[in-house]
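Source file: input.csv; contents: CSV, C-alpha atoms.
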```
chain,number,residue,atom,x,y,z
A,228,MET,CA,255.4,26.4,177.4
A,229,PHE,CA,253.9,24.8,174.4
A,230,ASP,CA,254.1,25.6,170.6
A,231,PHE,CA,250.6,26.8,169.8
A,232,CYS,CA,250.9,26.3,166.0
A,233,GLU,CA,252.3,22.8,166.5
A,234,ASP,CA,249.6,21.9,168.9
A,235,MET,CA,246.9,23.3,166.5
A,236,LYS,CA,248.3,21.1,163.7
A,237,LYS,CA,247.9,18.1,166.0
A,238,GLY,CA,244.4,19.1,167.1
A,239,ILE,CA,245.7,19.7,170.7
A,240,VAL,CA,244.8,22.7,172.7
A,241,THR,CA,246.4,23.2,176.2
A,242,CYS,CA,243.6,25.2,177.7
A,243,LYS,CA,245.3,26.0,181.1
A,244,LEU,CA,248.1,27.8,179.3
A,245,LEU,CA,245.9,30.0,177.3
A,246,LYS,CA,244.5,33.4,178.4
A,247,GLY,CA,241.1,34.7,177.6
A,248,ILE,CA,239.2,31.4,177.5
A,249,LYS,CA,235.5,31.7,177.5
A,250,VAL,CA,233.2,28.7,178.4
A,251,ALA,CA,229.7,28.8,177.2
A,252,GLY,CA,227.3,25.8,177.2
A,253,GLY,CA,230.1,23.4,177.7
A,254,ALA,CA,232.0,24.6,174.6
A,255,VAL,CA,235.4,26.1,174.9
A,256,ILE,CA,235.7,29.3,172.8
A,257,LEU,CA,239.2,30.6,172.4
A,258,THR,CA,239.7,34.3,172.3
A,259,LEU,CA,242.8,34.7,170.1
A,260,SER,CA,244.5,37.7,168.6
A,261,MET,CA,243.7,38.4,164.9
A,262,GLY,CA,246.1,36.6,162.7
A,263,LEU,CA,247.2,34.0,165.3
A,264,LEU,CA,245.6,31.2,163.4
A,265,SER,CA,246.7,32.6,160.1
A,266,ALA,CA,250.2,32.7,161.4
A,267,CYS,CA,250.0,28.9,161.7
A,268,SER,CA,250.4,27.9,158.1
A,269,GLN,CA,248.9,24.5,158.6
A,270,ALA,CA,246.1,25.2,161.1
A,271,PRO,CA,243.6,22.5,161.3
A,272,GLU,CA,240.5,22.6,159.0
A,273,SER,CA,238.3,22.5,162.1
A,274,ALA,CA,239.5,26.0,163.2
A,275,THR,CA,238.5,29.5,161.8
A,276,ILE,CA,238.3,33.1,162.8
A,277,ILE,CA,235.1,35.1,162.1
A,278,ALA,CA,235.5,38.8,162.3
A,279,GLY,CA,233.6,42.1,161.6
A,280,SER,CA,230.3,43.7,162.3
A,281,THR,CA,229.5,44.2,166.0
A,282,SER,CA,225.8,44.0,165.0
A,283,VAL,CA,226.2,40.5,163.6
A,284,GLN,CA,228.7,39.4,166.3
A,285,PRO,CA,226.3,38.4,169.1
A,286,TYR,CA,224.3,36.3,166.7
A,287,ALA,CA,227.4,34.7,165.3
A,288,GLU,CA,228.5,33.8,168.8
A,289,ILE,CA,225.2,32.0,169.4
A,290,LEU,CA,225.5,30.1,166.2
A,291,ALA,CA,229.1,29.2,167.0
A,292,GLU,CA,228.3,28.0,170.4
A,293,ARG,CA,225.7,25.6,169.0
A,294,TYR,CA,227.9,24.5,166.1
A,295,MET,CA,230.8,23.7,168.5
A,296,ALA,CA,228.4,21.7,170.7
A,297,LEU,CA,227.5,19.6,167.6
A,298,ASP,CA,231.2,19.4,166.6
A,299,PRO,CA,233.4,19.4,169.7
A,300,GLU,CA,236.5,19.4,167.5
A,301,ALA,CA,235.6,22.7,165.9
A,302,ILE,CA,237.3,25.9,167.1
A,303,ILE,CA,235.5,29.1,166.1
A,304,ASP,CA,236.9,32.5,167.3
A,305,ILE,CA,234.4,35.4,166.9
A,306,GLN,CA,235.8,38.9,166.9
A,307,GLY,CA,234.3,42.3,166.3
A,308,GLY,CA,235.9,45.4,164.7
A,309,GLY,CA,233.1,46.6,162.4
A,310,SER,CA,231.9,45.6,159.0
A,311,SER,CA,234.8,47.2,157.0
A,312,ALA,CA,237.4,45.6,159.3
A,313,GLY,CA,235.8,42.2,158.8
A,314,ILE,CA,235.7,42.5,155.1
A,315,THR,CA,239.4,43.6,155.0
A,316,ALA,CA,240.3,40.7,157.3
A,317,THR,CA,238.7,38.4,154.8
A,318,GLN,CA,240.5,40.0,151.9
A,319,THR,CA,243.8,39.7,153.7
A,320,HIS,CA,243.0,36.1,154.9
A,321,SER,CA,243.3,37.2,158.5
A,322,ALA,CA,239.8,35.8,159.0
A,323,GLY,CA,238.0,32.9,157.3
A,324,ILE,CA,234.6,34.6,157.4
A,325,GLY,CA,233.8,38.3,157.5
A,326,MET,CA,230.6,39.6,159.1
A,327,SER,CA,229.0,42.6,157.5
A,328,SER,CA,225.8,44.6,158.2
A,329,ARG,CA,226.1,46.6,155.0
A,330,SER,CA,226.2,45.8,151.3
A,331,LEU,CA,229.5,45.2,149.6
A,332,GLU,CA,231.0,48.2,147.9
A,333,ASP,CA,232.4,48.3,144.4
A,334,GLY,CA,236.0,47.3,145.5
A,335,GLU,CA,234.6,44.4,147.5
A,336,LYS,CA,232.3,42.7,145.0
A,337,ASP,CA,234.9,40.1,144.0
A,338,LEU,CA,234.3,38.5,147.4
A,339,TRP,CA,231.8,35.7,147.9
A,340,SER,CA,228.9,36.7,150.2
A,341,VAL,CA,225.6,35.3,151.4
A,342,GLU,CA,222.7,36.9,153.4
A,343,ILE,CA,222.3,35.1,156.7
A,344,ALA,CA,219.3,37.2,157.9
A,345,LYS,CA,217.7,40.6,157.8
A,346,ASP,CA,217.6,43.1,160.6
A,347,GLY,CA,216.0,46.4,161.3
A,348,LEU,CA,217.6,49.5,162.7
A,349,ALA,CA,215.8,51.0,165.7
A,350,ILE,CA,215.9,54.7,166.7
A,351,ILE,CA,216.2,54.6,170.4
A,352,VAL,CA,215.7,57.0,173.3
A,353,ASN,CA,215.6,56.7,177.1
A,354,PRO,CA,212.4,55.2,178.5
A,355,ALA,CA,211.9,58.5,180.4
A,356,ASN,CA,211.7,60.5,177.2
A,357,PRO,CA,208.0,61.2,176.4
A,358,ILE,CA,208.6,61.1,172.6
A,359,LYS,CA,207.1,58.0,171.0
A,360,ASN,CA,207.3,58.9,167.3
A,361,LEU,CA,209.6,60.9,165.0
A,362,THR,CA,209.3,61.5,161.3
A,363,SER,CA,212.2,60.7,158.9
A,364,ASP,CA,212.8,64.4,158.4
A,365,GLN,CA,212.9,65.1,162.1
A,366,ILE,CA,215.5,62.3,162.7
A,367,ARG,CA,217.5,63.5,159.7
A,368,ASP,CA,217.5,67.1,161.1
A,369,ILE,CA,218.4,65.9,164.6
A,370,TYR,CA,221.4,64.0,163.3
A,371,ALA,CA,222.5,66.9,161.1
A,372,ALA,CA,222.1,69.2,164.2
A,373,SER,CA,219.4,71.3,162.5
A,374,ILE,CA,217.2,70.3,165.4
A,375,THR,CA,219.0,70.5,168.7
A,376,ASP,CA,216.3,70.6,171.4
A,377,TRP,CA,213.6,68.0,172.3
A,378,SER,CA,211.1,70.8,172.5
A,379,GLN,CA,211.4,71.3,168.8
A,380,VAL,CA,209.8,67.8,168.2
A,381,GLY,CA,207.2,67.9,170.9
A,382,GLY,CA,209.3,66.9,173.9
A,383,THR,CA,210.4,68.7,177.0
A,384,LYS,CA,212.9,71.5,176.7
A,385,SER,CA,216.4,70.0,176.9
A,386,LYS,CA,219.4,69.6,174.6
A,387,ILE,CA,219.4,66.5,172.4
A,388,ASN,CA,222.5,64.4,173.0
A,389,ILE,CA,223.2,62.6,169.7
A,390,ILE,CA,224.8,59.2,169.8
A,391,ALA,CA,226.2,57.6,166.6
A,392,ARG,CA,228.4,54.7,165.5
A,393,GLU,CA,231.9,55.1,164.1
A,394,GLU,CA,232.9,55.5,160.5
A,395,GLY,CA,233.3,52.1,158.9
A,396,SER,CA,230.4,50.6,161.0
A,397,GLY,CA,227.8,48.8,159.0
A,398,THR,CA,225.2,50.1,161.3
A,399,ARG,CA,226.2,53.7,160.6
A,400,SER,CA,226.5,53.0,156.8
A,401,ALA,CA,222.9,51.6,156.8
A,402,PHE,CA,221.6,54.5,158.8
A,403,THR,CA,223.2,57.0,156.5
A,404,GLU,CA,222.1,55.3,153.3
A,405,LEU,CA,218.5,54.6,154.4
A,406,LEU,CA,217.8,57.8,156.3
A,407,MET,CA,220.3,60.7,156.0
A,408,GLY,CA,220.1,61.2,152.2
A,409,LYS,CA,222.5,64.1,151.3
A,410,LYS,CA,222.9,65.3,154.9
A,411,GLU,CA,225.8,64.3,157.0
A,412,ILE,CA,225.8,63.2,160.6
A,413,THR,CA,227.0,66.1,162.7
A,414,PRO,CA,230.6,65.9,164.0
A,415,LYS,CA,229.2,66.9,167.4
A,416,ALA,CA,227.7,63.4,167.8
A,417,ILE,CA,229.1,61.2,170.5
A,418,VAL,CA,230.7,58.3,168.6
A,419,GLN,CA,230.6,54.8,170.0
A,420,ASP,CA,232.1,51.6,168.6
A,421,SER,CA,229.4,49.1,169.2
A,422,ASN,CA,225.6,48.7,169.4
A,423,GLY,CA,226.0,47.8,173.1
A,424,ALA,CA,227.8,51.0,173.9
A,425,VAL,CA,225.2,53.1,172.1
A,426,ARG,CA,222.4,51.3,173.9
A,427,GLN,CA,224.1,51.8,177.3
A,428,LEU,CA,224.7,55.6,176.7
A,429,VAL,CA,221.0,56.0,175.8
A,430,ALA,CA,219.9,54.0,178.8
A,431,ASP,CA,221.9,56.2,181.0
A,432,ASP,CA,220.9,59.6,179.5
A,433,PRO,CA,217.2,60.8,179.4
A,434,ASN,CA,218.2,63.3,176.7
A,435,ALA,CA,220.0,60.9,174.3
A,436,ILE,CA,219.1,59.5,171.0
A,437,GLY,CA,220.8,56.7,169.2
A,438,PHE,CA,220.4,53.9,166.6
A,439,ILE,CA,221.1,50.2,167.0
A,440,SER,CA,220.2,46.8,165.6
A,441,LEU,CA,216.5,46.1,166.2
A,442,GLY,CA,217.4,42.7,167.5
A,443,LEU,CA,219.4,44.3,170.4
A,444,VAL,CA,216.7,46.6,171.7
A,445,SER,CA,216.0,45.8,175.4
A,446,ASP,CA,213.9,47.2,178.2
A,447,GLU,CA,216.7,49.6,179.0
A,448,VAL,CA,215.8,51.8,176.0
A,449,LYS,CA,212.7,52.7,174.0
A,450,ALA,CA,212.4,52.1,170.2
A,451,LEU,CA,210.6,55.0,168.5
A,452,GLN,CA,208.0,54.7,165.8
A,453,LEU,CA,209.3,56.0,162.5
A,454,ASP,CA,206.7,58.0,160.5
A,455,GLY,CA,204.1,56.4,162.7
A,456,VAL,CA,205.2,52.8,162.0
A,457,GLU,CA,206.5,50.7,164.9
A,458,ALA,CA,209.9,49.1,164.7
A,459,THR,CA,208.8,45.4,164.6
A,460,ARG,CA,209.8,42.3,162.8
A,461,ASP,CA,206.3,42.1,161.1
A,462,ASN,CA,206.6,45.6,159.8
A,463,ILE,CA,210.0,44.9,158.4
A,464,MET,CA,208.6,41.8,156.6
A,465,ASN,CA,205.7,43.7,155.2
A,466,ASN,CA,208.0,46.6,154.1
A,467,SER,CA,206.1,49.3,156.1
A,468,TYR,CA,209.1,50.0,158.3
A,469,LYS,CA,211.8,51.4,156.1
A,470,LEU,CA,215.0,50.9,158.2
A,471,SER,CA,216.1,47.4,157.4
A,472,ARG,CA,219.3,45.8,156.2
A,473,GLN,CA,221.0,42.6,155.3
A,474,PHE,CA,223.4,40.7,157.6
A,475,LEU,CA,226.1,39.0,155.4
A,476,PHE,CA,228.8,36.4,155.8
A,477,VAL,CA,231.7,37.1,153.4
A,478,THR,CA,234.6,34.9,152.3
A,479,SER,CA,237.5,35.5,150.0
A,480,GLY,CA,236.2,32.8,147.6
A,481,GLU,CA,233.7,30.0,147.4
A,482,PRO,CA,233.8,28.7,151.0
A,483,THR,CA,235.2,25.3,151.8
A,484,GLY,CA,236.0,23.2,154.9
A,485,ILE,CA,234.8,24.6,158.2
A,486,GLN,CA,233.8,27.9,156.6
A,487,LYS,CA,231.3,26.1,154.3
A,488,SER,CA,230.1,23.8,157.1
A,489,PHE,CA,229.5,26.7,159.4
A,490,ILE,CA,227.7,28.8,156.8
A,491,ASP,CA,225.6,25.8,155.8
A,492,PHE,CA,224.6,25.3,159.4
A,493,THR,CA,223.7,29.0,159.7
A,494,LEU,CA,221.4,28.7,156.7
A,495,SER,CA,219.9,25.4,157.9
A,496,PRO,CA,216.5,25.3,159.5
A,497,GLU,CA,218.2,25.0,162.9
A,498,GLY,CA,220.5,27.9,162.3
A,499,GLN,CA,217.7,30.1,161.0
A,500,LYS,CA,215.5,29.1,163.9
A,501,LEU,CA,218.2,30.3,166.3
A,502,LEU,CA,218.5,33.7,164.5
A,503,SER,CA,214.7,34.0,164.4
A,504,LYS,CA,214.5,33.4,168.1
A,505,GLU,CA,216.9,36.3,168.7
A,506,GLY,CA,214.7,38.7,166.7
A,507,LEU,CA,216.2,38.5,163.2
A,508,ILE,CA,214.3,37.7,160.0
A,509,PRO,CA,215.3,34.5,158.2
A,510,SER,CA,217.2,35.0,155.0
A,511,ALA,CA,215.8,34.1,151.6
A,512,GLU,CA,218.7,31.6,151.2
A,513,GLY,CA,217.7,30.0,154.5
A,514,GLU,CA,214.1,29.8,153.6
A,515,ALA,CA,215.0,28.1,150.3
A,516,LYS,CA,216.8,25.2,152.1
```

Could you render the structure as structure tokens?
Amino acid sequence: MFDFCEDMKKGIVTCKLLKGIKVAGGAVILTLSMGLLSACSQAPESATIIAGSTSVQPYAEILAERYMALDPEAIIDIQGGGSSAGITATQTHSAGIGMSSRSLEDGEKDLWSVEIAKDGLAIIVNPANPIKNLTSDQIRDIYAASITDWSQVGGTKSKINIIAREEGSGTRSAFTELLMGKKEITPKAIVQDSNGAVRQLVADDPNAIGFISLGLVSDEVKALQLDGVEATRDNIMNNSYKLSRQFLFVTSGEPTGIQKSFIDFTLSPEGQKLLSKEGLIPSAEGEAK
């Protein structure tokens, strides 16, 4: 057996002895436990962990795959866990970069952050559901359990199955801040820990409603109009669709080494083009470069 930390110092990775290896586009992505790299006090500057928002995660994986193709010596491990977990991992130096789909809170504003893109939140239902549009008040009342049946909003008579994200999720925080106002999401909601899980439940249930990242909407689900406005990239850019949020990369201080290099790549024309292709809106920082 090999000494992982010692091999990392030397820039050597014995792939056949590692579990959880993913291969994508010719790049080897190591799935490591949180803190494994941080346990190696002298891990190489070409390795980093990026952790946090499951909304940002699939886009970070695309960026990392391309970055590692350009720099074969780089090792970037992408992990989820939610925005709050990613921010905490950054504060405790368990991760080099945190991913957040919510704004930093008062106790987090000493961290360095940058917007990498903008995203919309889509209210989704099963494609079999005849509803095409809901008002902000109707969605608020559904999630507060004041409205409990689809017939109350013009649909067929059936109980509404409410799907929500977990506490600490940036997606949930954005939904609550942008739409719920003073009302709370009902404790009767079915809680899921990722956008993908919410999407799958809605895809499987004709009576379900959920909210996910606009960039992750697929043919499996239907994005509703909000107050008569379609959930589209153009409507987010012209500010007519109100459910939009920032995607952030966060570091414990001014980024250096591979963290800075990867963030610079993300904000470069190539990085922003990759994110735009996946349905996100380029950041102001990216457009300025």

List the spatial neighbours of Ala344 of chain A as a ChimeraX atom specification - criterion: any atom at most 9 Å away, all atoms listed in the file, same-chain residues fewer than 2 positions off excluded.
/A:342,346,472-475,494,499,502-503,507-513

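Relative to atom CA of Val352 of chain A, atom CA of Ile436 of chain A is found at 4.8 Å.
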
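With all atoms listed in the file as the basis for measurement, A:Met326 is the residue among A:Ala291, A:Met326, A:Ile369, A:Ala401 that approaches Thr478 of chain A most closely.
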
Would you pick out the contacts of Leu451 of chain A at 8 Å or less, using all atoms listed in the file, so that residues sharing its chain but fewer than 4 positions from it are not included, and give the list as a PyMOL selection string?
chain A and resi 349-352+358-361+457-458

Pairwise distance for atom CA of Val477 of chain A and atom CA of Ser440 of chain A, rounded to one decimal in Å:
19.4 Å
